[in-house]
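Coordinates from structure-v3.txt are shown below (compact mmCIF, C-alpha atoms).
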```
# COMPACT_ATOMS: atom_id res chain seq x y z
CA MET A 24 124.04 92.72 81.97
CA THR A 25 123.55 88.97 81.66
CA LYS A 26 120.93 86.99 83.48
CA ARG A 27 123.55 85.43 85.67
CA MET A 28 124.93 88.84 86.59
CA LEU A 29 121.40 89.96 87.41
CA LEU A 30 120.98 86.90 89.61
CA ALA A 31 124.21 87.75 91.41
CA LEU A 32 123.08 91.32 92.05
CA LEU A 33 119.68 90.20 93.32
CA ALA A 34 121.41 87.67 95.55
CA VAL A 35 123.51 90.47 97.07
CA VAL A 36 120.32 92.38 97.92
CA GLY A 37 118.77 89.28 99.45
CA LEU A 38 121.96 88.52 101.37
CA PHE A 39 121.95 91.89 103.12
CA LEU A 40 118.25 91.77 103.79
CA SER A 41 118.66 88.37 105.46
CA ALA A 42 121.78 89.51 107.29
CA TYR A 43 119.88 92.47 108.73
CA LEU A 44 117.16 90.19 110.08
CA THR A 45 119.74 87.72 111.39
CA LEU A 46 121.55 90.46 113.29
CA PHE A 47 118.23 91.43 114.86
CA LYS A 48 117.51 87.85 115.91
CA TRP A 49 120.95 87.54 117.46
CA GLY A 50 120.54 90.80 119.37
CA TYR A 51 123.10 92.88 117.51
CA ILE A 52 120.33 95.16 116.31
CA GLY A 53 117.82 96.25 118.89
CA HIS A 54 114.98 97.43 116.76
CA LEU A 55 113.75 96.68 113.25
CA ALA A 56 112.76 99.59 111.05
CA CYS A 57 109.36 98.35 109.95
CA ALA A 58 106.60 100.12 108.02
CA THR A 59 104.07 97.31 108.45
CA GLY A 60 104.46 97.52 112.21
CA SER A 61 104.56 93.78 112.78
CA CYS A 62 108.01 92.70 111.63
CA GLU A 63 109.06 91.92 115.18
CA VAL A 64 105.92 89.82 115.74
CA VAL A 65 106.94 87.60 112.85
CA GLN A 66 110.63 87.61 113.77
CA MET A 67 109.92 86.66 117.37
CA SER A 68 107.40 83.92 116.49
CA ARG A 69 108.26 80.26 116.85
CA TRP A 70 108.38 79.91 113.09
CA SER A 71 111.35 82.26 112.90
CA THR A 72 113.74 79.52 114.00
CA LEU A 73 114.66 76.40 112.06
CA PHE A 74 116.91 73.66 113.42
CA GLY A 75 118.19 76.00 116.07
CA LEU A 76 119.10 78.82 113.72
CA PRO A 77 117.07 81.86 112.71
CA VAL A 78 115.28 81.37 109.40
CA ALA A 79 116.91 84.61 108.32
CA ALA A 80 120.33 83.01 108.82
CA TRP A 81 119.30 80.13 106.57
CA GLY A 82 118.12 82.74 104.10
CA ALA A 83 121.46 84.50 104.23
CA ALA A 84 123.22 81.18 103.57
CA PHE A 85 120.86 80.56 100.65
CA TYR A 86 121.49 83.94 99.07
CA LEU A 87 125.24 83.56 99.59
CA THR A 88 125.13 80.19 97.83
CA VAL A 89 123.18 81.64 94.90
CA LEU A 90 125.61 84.57 94.77
CA ILE A 91 128.64 82.31 94.63
CA VAL A 92 127.12 80.03 91.99
CA ALA A 93 125.97 83.01 89.91
CA LEU A 94 129.40 84.66 90.13
CA VAL A 95 131.09 81.41 89.10
CA ALA A 96 128.56 81.11 86.30
CA THR A 97 129.57 84.50 84.92
CA GLN A 98 133.08 83.26 84.33
CA PRO A 99 133.88 82.47 80.69
CA GLN A 100 134.68 78.82 81.35
CA PHE A 101 131.13 78.25 82.53
CA ALA A 102 129.45 80.31 79.86
CA ASP A 103 128.18 77.21 78.09
CA SER A 104 127.33 75.25 81.14
CA ARG A 105 123.65 74.37 81.16
CA GLY A 106 124.29 72.47 84.33
CA VAL A 107 125.00 75.76 86.08
CA SER A 108 121.81 77.26 84.67
CA TRP A 109 119.81 74.30 85.96
CA LEU A 110 121.58 74.56 89.33
CA LEU A 111 120.59 78.22 89.61
CA LEU A 112 117.03 77.37 88.70
CA ALA A 113 116.93 74.54 91.22
CA LEU A 114 118.27 76.78 93.98
CA THR A 115 115.97 79.69 93.29
CA GLY A 116 113.03 77.38 92.67
CA TRP A 117 113.53 75.79 96.06
CA GLY A 118 113.89 79.26 97.58
CA THR A 119 110.61 80.31 95.99
CA LEU A 120 108.75 77.30 97.34
CA PHE A 121 110.12 77.74 100.86
CA SER A 122 109.37 81.48 100.79
CA ALA A 123 105.82 80.71 99.69
CA TYR A 124 105.48 78.46 102.74
CA LEU A 125 106.83 81.18 105.03
CA THR A 126 104.56 83.80 103.49
CA GLY A 127 101.60 81.49 104.01
CA LEU A 128 102.56 81.19 107.66
CA GLU A 129 102.57 84.98 107.95
CA PHE A 130 99.14 85.39 106.41
CA PHE A 131 97.27 82.41 107.80
CA VAL A 132 99.00 81.39 111.02
CA ILE A 133 100.94 84.27 112.55
CA HIS A 134 98.53 86.90 111.13
CA ALA A 135 101.29 89.45 110.88
CA ILE A 136 103.30 90.72 107.94
CA CYS A 137 107.02 91.30 107.96
CA GLN A 138 107.93 93.58 105.08
CA TYR A 139 111.42 92.11 104.87
CA CYS A 140 110.09 88.57 104.59
CA VAL A 141 107.66 89.54 101.85
CA THR A 142 110.39 91.46 100.03
CA SER A 143 112.64 88.40 100.17
CA ALA A 144 109.83 86.22 98.85
CA VAL A 145 109.28 88.57 95.91
CA LEU A 146 113.02 88.77 95.33
CA VAL A 147 113.58 85.03 95.20
CA THR A 148 110.55 84.61 92.93
CA VAL A 149 112.01 87.14 90.50
CA MET A 150 115.33 85.32 90.73
CA ALA A 151 113.62 82.03 89.89
CA GLY A 152 112.05 83.71 86.90
CA VAL A 153 115.40 85.01 85.71
CA ALA A 154 117.00 81.61 86.28
CA GLY A 155 114.18 79.98 84.35
CA MET A 156 114.75 82.34 81.47
CA GLY A 157 118.40 81.42 81.60
CA VAL A 158 117.58 77.73 81.25
CA ARG A 159 115.05 78.40 78.52
CA ASP A 160 117.45 80.55 76.56
CA GLY A 161 120.30 78.11 76.65
CA THR A 162 123.83 78.77 77.78
CA ALA A 163 124.76 82.16 79.13
CA VAL A 164 126.71 84.63 77.11
CA VAL A 165 129.20 86.52 79.10
CA GLY A 166 129.20 89.90 77.45
CA THR A 167 127.01 92.80 76.67
CA ASP A 168 125.59 91.24 73.57
CA GLY A 169 124.49 88.17 75.40
CA ALA A 170 120.84 87.67 75.96
CA ALA A 171 121.50 85.33 78.87
CA MET B 1088 121.24 73.41 70.36
CA VAL B 1089 123.20 76.23 68.86
CA SER B 1090 125.68 77.73 71.15
CA ALA B 1091 125.68 81.43 71.47
CA SER B 1092 128.57 83.40 70.12
CA GLY B 1093 130.92 84.41 72.78
CA PRO B 1094 134.08 86.29 73.42
CA GLY B 1095 136.03 83.77 71.56
CA GLY B 1096 133.75 84.08 68.58
CA SER B 1097 131.57 81.29 67.39
CA GLY B 1098 132.97 77.89 67.70
CA GLY B 1099 132.62 77.13 64.06
CA GLY B 1100 129.75 75.27 62.62
CA ALA B 1101 126.43 76.95 62.64
CA LYS B 1102 126.11 80.61 63.10
CA GLY B 1103 122.98 82.27 64.22
CA PRO B 1104 121.57 84.58 66.76
CA ALA B 1105 122.24 83.58 70.28
CA ASN B 1106 119.64 81.98 72.48
CA LYS B 1107 117.42 80.77 69.73
CA GLY B 1108 116.08 77.26 69.41
CA PRO B 1109 117.71 74.37 67.75
CA GLY B 1110 119.43 75.24 64.56
CA GLY B 1111 122.82 75.13 63.07
CA SER B 1112 124.27 72.58 60.83
CA ALA B 1113 123.02 69.50 62.47
CA GLY B 1114 121.28 70.79 65.52
CA LYS B 1115 124.29 69.73 67.49
CA LYS B 1116 125.77 71.69 70.23
CA THR B 1117 128.98 73.33 69.16
CA PRO B 1118 131.60 74.65 71.49
CA ALA B 1119 131.23 78.33 72.17
CA ARG B 1120 134.86 79.15 72.42
CA SER B 1121 137.42 78.84 69.74
CA THR B 1122 141.09 78.72 70.26
CA ALA B 1123 141.56 80.64 67.06
CA ALA B 1124 141.02 84.33 66.78
CA THR B 1125 137.92 83.75 64.75
CA PRO B 1126 135.92 86.87 64.05
CA SER B 1127 132.56 86.76 65.74
CA ARG B 1128 129.53 88.34 64.29
CA GLY B 1129 129.72 92.07 64.22
CA SER B 1130 132.47 94.20 62.98
CA GLN B 1131 134.88 94.13 65.88
CA SER B 1132 137.93 92.00 65.79
CA GLY B 1133 137.71 88.75 67.66
CA SER B 1134 140.72 89.40 69.83
CA GLY B 1135 139.36 92.80 70.85
CA ARG B 1136 136.01 91.39 71.79
CA ARG B 1137 137.65 88.46 73.54
CA ALA B 1138 139.74 90.82 75.61
CA LYS B 1139 136.77 92.99 76.44
CA GLY B 1140 134.54 90.01 77.16
CA ALA B 1141 137.19 88.28 79.26
CA SER B 1142 137.62 91.30 81.46
CA GLN B 1143 133.91 91.94 81.97
CA PRO B 1144 133.36 89.08 84.42
CA LYS B 1145 136.33 90.27 86.41
CA VAL B 1146 134.99 93.81 86.48
CA PHE B 1147 131.60 92.50 87.54
CA LEU B 1148 133.17 90.32 90.22
CA ALA B 1149 135.08 93.32 91.55
CA ALA B 1150 131.90 95.39 91.55
CA VAL B 1151 130.00 92.72 93.47
CA LEU B 1152 132.80 92.36 96.01
CA LEU B 1153 132.77 96.11 96.46
CA MET B 1154 129.01 96.03 97.02
CA VAL B 1155 129.39 93.26 99.58
CA VAL B 1156 132.06 95.20 101.47
CA ALA B 1157 130.03 98.41 101.36
CA GLY B 1158 126.89 96.60 102.44
CA GLY B 1159 128.75 94.94 105.27
CA ALA B 1160 130.03 98.31 106.44
CA ILE B 1161 126.53 99.76 106.39
CA LEU B 1162 125.15 96.81 108.38
CA ALA B 1163 127.95 97.13 110.90
CA TYR B 1164 127.17 100.84 111.29
CA VAL B 1165 123.44 100.16 111.74
CA ALA B 1166 124.16 97.42 114.27
CA GLY B 1167 126.54 99.68 116.18
CA ARG B 1168 123.96 102.44 116.45
CA ASN B 1169 120.97 100.27 117.13
CA LYS B 1170 122.27 97.69 119.54
CA ALA B 1171 119.87 95.67 121.63
CA PRO B 1172 120.12 96.78 125.28
CA ALA B 1173 122.22 94.50 127.44
CA ALA B 1174 120.43 92.56 130.14
CA THR B 1175 121.07 93.77 133.69
CA VAL B 1176 120.93 91.90 136.95
CA VAL B 1177 117.93 92.75 139.09
CA ASP B 1178 116.54 91.49 142.36
CA PRO B 1179 113.70 89.11 141.46
CA ASN B 1180 112.29 89.51 144.98
CA LEU B 1181 111.93 93.26 144.81
CA PRO B 1182 108.94 94.16 146.98
CA PRO B 1183 106.11 96.10 145.34
CA ALA B 1184 106.36 99.85 145.78
CA VAL B 1185 103.74 101.38 148.05
CA ALA B 1186 102.37 104.87 147.44
CA LYS B 1187 102.92 106.54 150.79
CA GLY B 1188 102.87 110.17 149.72
CA TYR B 1189 103.70 112.95 152.17
CA VAL B 1190 101.23 113.53 154.98
CA LEU B 1191 100.34 116.79 156.69
CA GLY B 1192 97.77 117.13 159.45
CA ARG B 1193 96.34 115.24 162.37
CA PRO B 1194 95.96 111.48 162.01
CA ASP B 1195 92.47 111.62 163.59
CA ALA B 1196 91.14 114.27 161.20
CA PRO B 1197 87.71 113.22 159.88
CA VAL B 1198 88.43 113.97 156.25
CA HIS B 1199 91.32 112.85 154.10
CA ILE B 1200 92.47 114.93 151.13
CA MET B 1201 94.70 113.46 148.45
CA GLU B 1202 96.57 115.99 146.33
CA PHE B 1203 98.16 114.82 143.05
CA ALA B 1204 100.52 117.50 141.82
CA ASP B 1205 103.55 118.18 139.67
CA PHE B 1206 106.26 120.46 141.08
CA GLU B 1207 106.74 122.08 137.70
CA CYS B 1208 103.03 122.62 137.04
CA PRO B 1209 102.10 126.34 137.10
CA ALA B 1210 98.56 125.69 138.34
CA CYS B 1211 99.97 123.63 141.21
CA ALA B 1212 102.32 126.48 142.06
CA ASN B 1213 99.40 128.91 141.96
CA TYR B 1214 97.41 126.74 144.37
CA THR B 1215 100.38 126.31 146.72
CA VAL B 1216 101.29 129.98 146.82
CA VAL B 1217 97.83 131.55 146.75
CA THR B 1218 95.38 129.08 148.30
CA GLU B 1219 97.31 126.56 150.34
CA PRO B 1220 98.37 128.89 153.18
CA ASP B 1221 94.68 129.34 154.05
CA VAL B 1222 94.00 125.64 153.64
CA ARG B 1223 96.80 124.73 155.99
CA LYS B 1224 95.76 127.21 158.61
CA ARG B 1225 91.98 126.84 158.57
CA VAL B 1226 91.49 123.24 157.41
CA ILE B 1227 94.62 121.23 158.18
CA ASP B 1228 95.87 122.82 161.39
CA SER B 1229 92.33 123.05 162.74
CA GLY B 1230 91.95 119.32 162.45
CA LEU B 1231 89.21 119.29 159.84
CA ALA B 1232 91.27 117.33 157.32
CA GLN B 1233 94.55 115.62 156.73
CA VAL B 1234 96.25 116.02 153.37
CA THR B 1235 98.58 113.62 151.58
CA TYR B 1236 100.65 114.95 148.68
CA TYR B 1237 101.43 112.52 145.87
CA ASP B 1238 103.92 113.25 143.10
CA PHE B 1239 102.35 113.13 139.66
CA PRO B 1240 105.17 114.25 137.34
CA LEU B 1241 104.02 115.11 133.84
CA PRO B 1242 106.25 114.03 130.93
CA GLN B 1243 106.41 117.47 129.32
CA HIS B 1244 108.11 118.94 132.42
CA LYS B 1245 111.78 118.02 132.09
CA ASN B 1246 112.85 119.21 135.55
CA THR B 1247 109.92 117.94 137.56
CA LEU B 1248 111.49 114.63 138.48
CA ALA B 1249 114.56 116.41 139.86
CA ALA B 1250 112.21 118.48 142.02
CA SER B 1251 110.35 115.40 143.27
CA GLU B 1252 113.63 113.73 144.15
CA ALA B 1253 114.86 116.87 145.92
CA ALA B 1254 111.68 116.95 148.01
CA ALA B 1255 111.80 113.22 148.74
CA CYS B 1256 115.39 113.49 149.96
CA ALA B 1257 114.44 116.48 152.13
CA ASN B 1258 111.73 114.26 153.62
CA ASP B 1259 114.48 111.93 154.89
CA GLN B 1260 115.49 114.79 157.15
CA GLY B 1261 111.92 115.68 158.07
CA LYS B 1262 111.69 118.75 155.87
CA PHE B 1263 109.53 117.72 152.92
CA TRP B 1264 107.01 120.54 153.29
CA GLU B 1265 109.74 123.17 153.62
CA MET B 1266 111.31 121.97 150.37
CA HIS B 1267 107.82 121.63 148.80
CA ASP B 1268 107.10 125.27 149.53
CA ARG B 1269 110.49 126.50 148.28
CA LEU B 1270 110.15 124.54 145.06
CA PHE B 1271 106.74 125.93 144.25
CA GLN B 1272 107.64 129.48 145.29
CA GLY B 1273 110.78 129.44 143.13
CA GLN B 1274 109.33 127.42 140.25
CA GLY B 1275 110.13 130.11 137.71
CA ASP B 1276 113.85 129.88 138.58
CA TRP B 1277 114.34 126.15 138.03
CA ASN B 1278 111.66 125.01 135.55
CA THR B 1279 112.42 123.78 132.03
CA GLU B 1280 112.05 127.22 130.51
CA ALA B 1281 114.55 128.70 132.98
CA THR B 1282 117.32 126.12 133.05
CA SER B 1283 118.44 122.67 131.97
CA SER B 1284 120.43 122.24 135.20
CA PRO B 1285 118.04 122.78 138.10
CA GLU B 1286 120.19 120.80 140.56
CA LYS B 1287 122.27 123.78 141.67
CA ILE B 1288 119.22 125.85 142.49
CA MET B 1289 117.65 122.99 144.43
CA LYS B 1290 120.90 122.50 146.34
CA GLY B 1291 120.61 126.13 147.34
CA TYR B 1292 117.11 125.44 148.66
CA ALA B 1293 118.43 122.49 150.64
CA LYS B 1294 120.98 124.78 152.23
CA ASP B 1295 118.40 127.48 152.93
CA ILE B 1296 116.02 125.17 154.77
CA GLY B 1297 118.79 123.80 156.95
CA LEU B 1298 119.33 120.33 155.53
CA ASP B 1299 122.52 118.30 155.88
CA VAL B 1300 123.40 119.13 152.29
CA ASP B 1301 125.95 116.34 151.81
CA ARG B 1302 123.47 113.72 152.97
CA TRP B 1303 120.74 115.27 150.86
CA GLN B 1304 123.01 115.42 147.83
CA GLN B 1305 124.01 111.78 148.19
CA CYS B 1306 120.34 110.82 148.31
CA VAL B 1307 119.65 112.85 145.17
CA ASP B 1308 122.69 111.47 143.29
CA GLN B 1309 121.72 107.89 144.08
CA ARG B 1310 118.05 108.54 143.18
CA THR B 1311 117.13 106.77 146.38
CA HIS B 1312 113.41 107.61 146.23
CA LEU B 1313 112.73 107.18 142.52
CA ARG B 1314 110.59 104.08 143.12
CA ASP B 1315 108.58 105.89 145.78
CA ILE B 1316 107.90 108.75 143.38
CA GLN B 1317 106.88 106.28 140.70
CA ALA B 1318 104.58 104.57 143.20
CA ASN B 1319 102.95 107.91 143.99
CA GLN B 1320 102.48 108.51 140.29
CA ALA B 1321 100.99 105.04 139.90
CA GLU B 1322 98.50 105.87 142.64
CA GLY B 1323 97.40 108.85 140.58
CA GLU B 1324 97.00 106.69 137.51
CA ARG B 1325 94.97 104.26 139.57
CA HIS B 1326 92.65 107.18 140.36
CA HIS B 1327 92.57 108.11 136.65
CA VAL B 1328 94.20 111.45 137.33
CA ASN B 1329 94.92 113.22 134.06
CA GLU B 1330 95.71 116.77 135.08
CA THR B 1331 97.45 118.54 137.92
CA PRO B 1332 96.60 119.50 140.50
CA THR B 1333 93.83 117.02 141.22
CA PHE B 1334 92.27 116.66 144.66
CA VAL B 1335 90.42 113.70 146.06
CA ILE B 1336 88.33 114.92 149.02
CA GLY B 1337 86.41 112.14 150.63
CA ASN B 1338 84.74 110.44 147.68
CA ARG B 1339 84.95 113.40 145.31
CA MET B 1340 87.71 113.90 142.75
CA VAL B 1341 88.21 117.54 141.80
CA PRO B 1342 90.59 118.42 138.97
CA GLY B 1343 92.26 121.80 138.75
CA ALA B 1344 93.49 124.48 141.11
CA ILE B 1345 90.62 124.61 143.58
CA THR B 1346 89.74 127.78 145.54
CA PHE B 1347 89.69 127.81 149.31
CA ASP B 1348 85.90 128.11 149.47
CA GLU B 1349 85.38 125.21 147.09
CA LEU B 1350 87.81 123.02 149.03
CA HIS B 1351 86.17 123.93 152.34
CA ALA B 1352 82.77 123.06 150.91
CA TYR B 1353 83.97 119.63 149.78
CA VAL B 1354 85.59 119.04 153.17
CA ASP B 1355 82.33 119.92 154.94
CA SER B 1356 80.42 117.62 152.64
CA ALA B 1357 82.85 114.79 153.28
CA ARG B 1358 82.67 115.40 157.01
CA ALA B 1359 78.93 115.13 156.95
CA ALA B 1360 79.02 111.90 155.01
CA ALA B 1361 81.80 110.01 156.73
CA PRO B 1362 82.31 108.82 160.31
CA PRO B 1363 85.26 110.32 162.19
CA ARG B 1364 88.63 108.78 161.29
CA THR B 1365 90.57 107.46 164.23
CA ALA B 1366 93.92 106.76 162.57
CA SER B 1367 95.76 108.05 159.57
CA LYS B 1368 96.81 105.78 156.73
```
As structure tokens, the full file:
Amino acid sequence: MTKRMLLALLAVVGLFLSAYLTLFKWGYIGHLACATGSCEVVQMSRWSTLFGLPVAAWGAAFYLTVLIVALVATQPQFADSRGVSWLLLALTGWGTLFSAYLTGLEFFVIHAICQYCVTSAVLVTVMAGVAGMGVRDGTAVVGTDGAA
Amino acid sequence: MVSASGPGGSGGGAKGPANKGPGGSAGKKTPARSTAATPSRGSQSGSGRRAKGASQPKVFLAAVLLMVVAGGAILAYVAGRNKAPAATVVDPNLPPAVAKGYVLGRPDAPVHIMEFADFECPACANYTVVTEPDVRKRVIDSGLAQVTYYDFPLPQHKNTLAASEAAACANDQGKFWEMHDRLFQGQGDWNTEATSSPEKIMKGYAKDIGLDVDRWQQCVDQRTHLRDIQANQAEGERHHVNETPTFVIGNRMVPGAITFDELHAYVDSARAAAPPRTASK
């Protein structure tokens, strides 16, 4: 498992998490399964929409982008591409910063915790870490002996 | 920066472990792939490793696509089962429901009794069958008090709402109290423990007490009086009723199946305290 493959897998998890929340916002799912009890408070707050679209939909687009880039990056022709590594780091780094902002809103403004939002924030932070390791370690090796 | 060895073997030049710092012959980046079948580090042949390495991204891509399809199917299933309820058109000018209850007795009776009861409640049935005949004869018919019955269906009684609706529809034809009595007398035949389809039994009661059964049935099917029943229940909640039967006699609220003597005592007390009533509610 290379770092880029790991990024792709994590992006798939994030994509479905965001898709689930997006379906709820659009009314295709009536009720969120929520252990914290306040997912719907966060999802129905005014901070859950950005430029007319649910934040979760933007999140799904983000994870899809990372997934596509990571999948492309696993191809042999991009194995040496540091540009791709930096692109992945830039994407996940931006995702981490934006998720930190959203998490801050939950704690200090909305005063309600959505477990899915926090999970996504943790996920994208881990992804940024993996992407950072990929940049630090150089080009990716596509293969089981690769440390990237 | 030394390039890592890859499926095509090292690209010539410096060899070293992958992902280390600068090294190699001149610290220059060397291409990872070689067009020649150059053996990479390790004992496997370069072509074998190249073939294996070349196919791994494809296998991974296929696995990810499979995950995406499976995940999409799961989401679609969850969405199909858990759909948000569709909005329905309602009358925005719906008037508020008024708790009218069902009245028995003279409108000028000095004391008013409110009875909050559940048709499926055993204690209510006990009061109706054992105590109420005396109450009707010696308190209601004699003009001492007027009673108003309010539905207070309890959630654990699955057939109680059907009974309330049956009685409300009988009231349309002036026979609420006849249906009330039949329901309580036959409670054991139609309650939740006895049947999950009480409608047939209640239709039999409607026939027995001489109702226009078709008209009664239409009223029941359309749930014509559901809002009235809910209004009666809301009146009980307004009085903080939390068990059935509960009686409000004058300014006293008495929970539980009251005896005749107790009820008569409360009526006398209320009579002494209140001026005569000249009109019913």
Work out how far CA of Thr25 (chain A) is from CA of Val1155 (chain B), in Å to one decimal. 19.3 Å
Here's a test: counting all atoms listed in the file, identify every protein, DNA and RNA residue with an atom at most 10 Å from (121.4, 99.4, 110.6) in the file's coordinate frame, and state them as a ChimeraX atom specification. /A:43,46-47,51-56 /B:1160-1170
Which residues come within 8 Å of region 1204-1221 of chain B, counting all atoms listed in the file, excluding same-chain residues fewer than 4 positions away, as a ChimeraX atom specification? /B:1225-1226,1236-1241,1244,1246-1247,1250-1251,1267-1268,1270-1272,1274,1278,1331-1333,1343-1347
Leaving out Thr115 (chain A) and any residue of its chain fewer than 5 positions from it, which residues lie within 9 Å of it when counting all atoms listed in the file, given as a ChimeraX atom specification? /A:85,89,110,120,147-152,154
Serialized selection, C-alpha atoms, as a compact mmCIF listing (two decimals), keeping the file's coordinate frame:
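So the final result, stored in selection-v9.txt, reads:
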```txt
# COMPACT_ATOMS: atom_id res chain seq x y z
CA PHE A 85 120.86 80.56 100.65
CA VAL A 89 123.18 81.64 94.90
CA LEU A 110 121.58 74.56 89.33
CA LEU A 120 108.75 77.30 97.34
CA VAL A 147 113.58 85.03 95.20
CA THR A 148 110.55 84.61 92.93
CA VAL A 149 112.01 87.14 90.50
CA MET A 150 115.33 85.32 90.73
CA ALA A 151 113.62 82.03 89.89
CA GLY A 152 112.05 83.71 86.90
CA ALA A 154 117.00 81.61 86.28
```
Using only C-alpha atoms, which of A:Ile91, A:Ile136, A:Leu44, A:Leu32 sits nearest chain B? A:Leu32
Spatial neighbours of Asn1258 (chain B), 9 Å, all atoms listed in the file, chain gap at least 6 places, as a CSV table (one decimal) with C-alpha atoms, in the coordinates of the input:
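What landed in part-v1.csv:
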```
chain,number,residue,atom,x,y,z
B,1189,TYR,CA,103.7,113.0,152.2
B,1264,TRP,CA,107.0,120.5,153.3
B,1266,MET,CA,111.3,122.0,150.4
```
Might you pull out every residue within 10 Å of Ala135 (chain A), with only C-alpha atoms counted and same-chain residues fewer than 5 positions away left off, and present them as a list of chain:residue names?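 Skipping anything fewer than 5 positions along the chain leaves A:Thr59, A:Gly60, A:Ser61, A:Cys62, A:Glu63, A:Val64, A:Val65, A:Gln66, A:Ser68, A:Thr126, A:Leu128, A:Glu129, A:Phe130.
Near Tyr1353 (chain B), within 8 Å and counting only C-alpha atoms, sit Ile1336, Gly1337, Arg1339, Glu1349 and Ala1357 of chain B, not including residues fewer than 4 positions from it in the same chain.
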Of the listed residues B:Asn1338, B:Ser1283, B:Gln1243, B:Thr1235, that which approaches Glu1202 (chain B) most closely, counting all atoms listed in the file: B:Thr1235
What would the file be for region 1290-1302 of chain B if you keep N, CA and C atoms and write it as a short mmCIF file (atom, residue, chain, number, x, y, z; two decimals), in the first residue's frame?
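Below is the file that was written, result11.cif:
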```cif
data_model
loop_
_atom_site.label_atom_id
_atom_site.label_comp_id
_atom_site.auth_asym_id
_atom_site.auth_seq_id
_atom_site.Cartn_x
_atom_site.Cartn_y
_atom_site.Cartn_z
N LYS B 1290 -68.54 -2.40 14.73
CA LYS B 1290 -69.61 -2.29 13.73
C LYS B 1290 -70.83 -3.07 14.23
N GLY B 1291 -70.57 -4.19 14.88
CA GLY B 1291 -71.67 -4.95 15.47
C GLY B 1291 -72.40 -4.14 16.53
N TYR B 1292 -71.64 -3.40 17.34
CA TYR B 1292 -72.26 -2.54 18.35
C TYR B 1292 -73.13 -1.47 17.68
N ALA B 1293 -72.61 -0.91 16.60
CA ALA B 1293 -73.35 0.14 15.89
C ALA B 1293 -74.69 -0.39 15.41
N LYS B 1294 -74.65 -1.62 14.94
CA LYS B 1294 -75.89 -2.26 14.47
C LYS B 1294 -76.84 -2.52 15.64
N ASP B 1295 -76.27 -2.97 16.76
CA ASP B 1295 -77.09 -3.33 17.92
C ASP B 1295 -77.82 -2.13 18.50
N ILE B 1296 -77.16 -0.96 18.48
CA ILE B 1296 -77.79 0.21 19.11
C ILE B 1296 -78.63 1.00 18.12
N GLY B 1297 -78.79 0.46 16.91
CA GLY B 1297 -79.74 1.04 15.97
C GLY B 1297 -79.22 2.20 15.15
N LEU B 1298 -77.92 2.23 14.91
CA LEU B 1298 -77.37 3.30 14.09
C LEU B 1298 -77.59 3.01 12.61
N ASP B 1299 -77.53 4.08 11.79
CA ASP B 1299 -77.43 3.91 10.34
C ASP B 1299 -76.00 3.48 10.10
N VAL B 1300 -75.78 2.18 9.93
CA VAL B 1300 -74.43 1.63 9.95
C VAL B 1300 -73.57 2.18 8.81
N ASP B 1301 -74.18 2.33 7.63
CA ASP B 1301 -73.40 2.85 6.49
C ASP B 1301 -72.88 4.25 6.79
N ARG B 1302 -73.75 5.08 7.34
CA ARG B 1302 -73.36 6.46 7.66
C ARG B 1302 -72.30 6.45 8.76
#
```
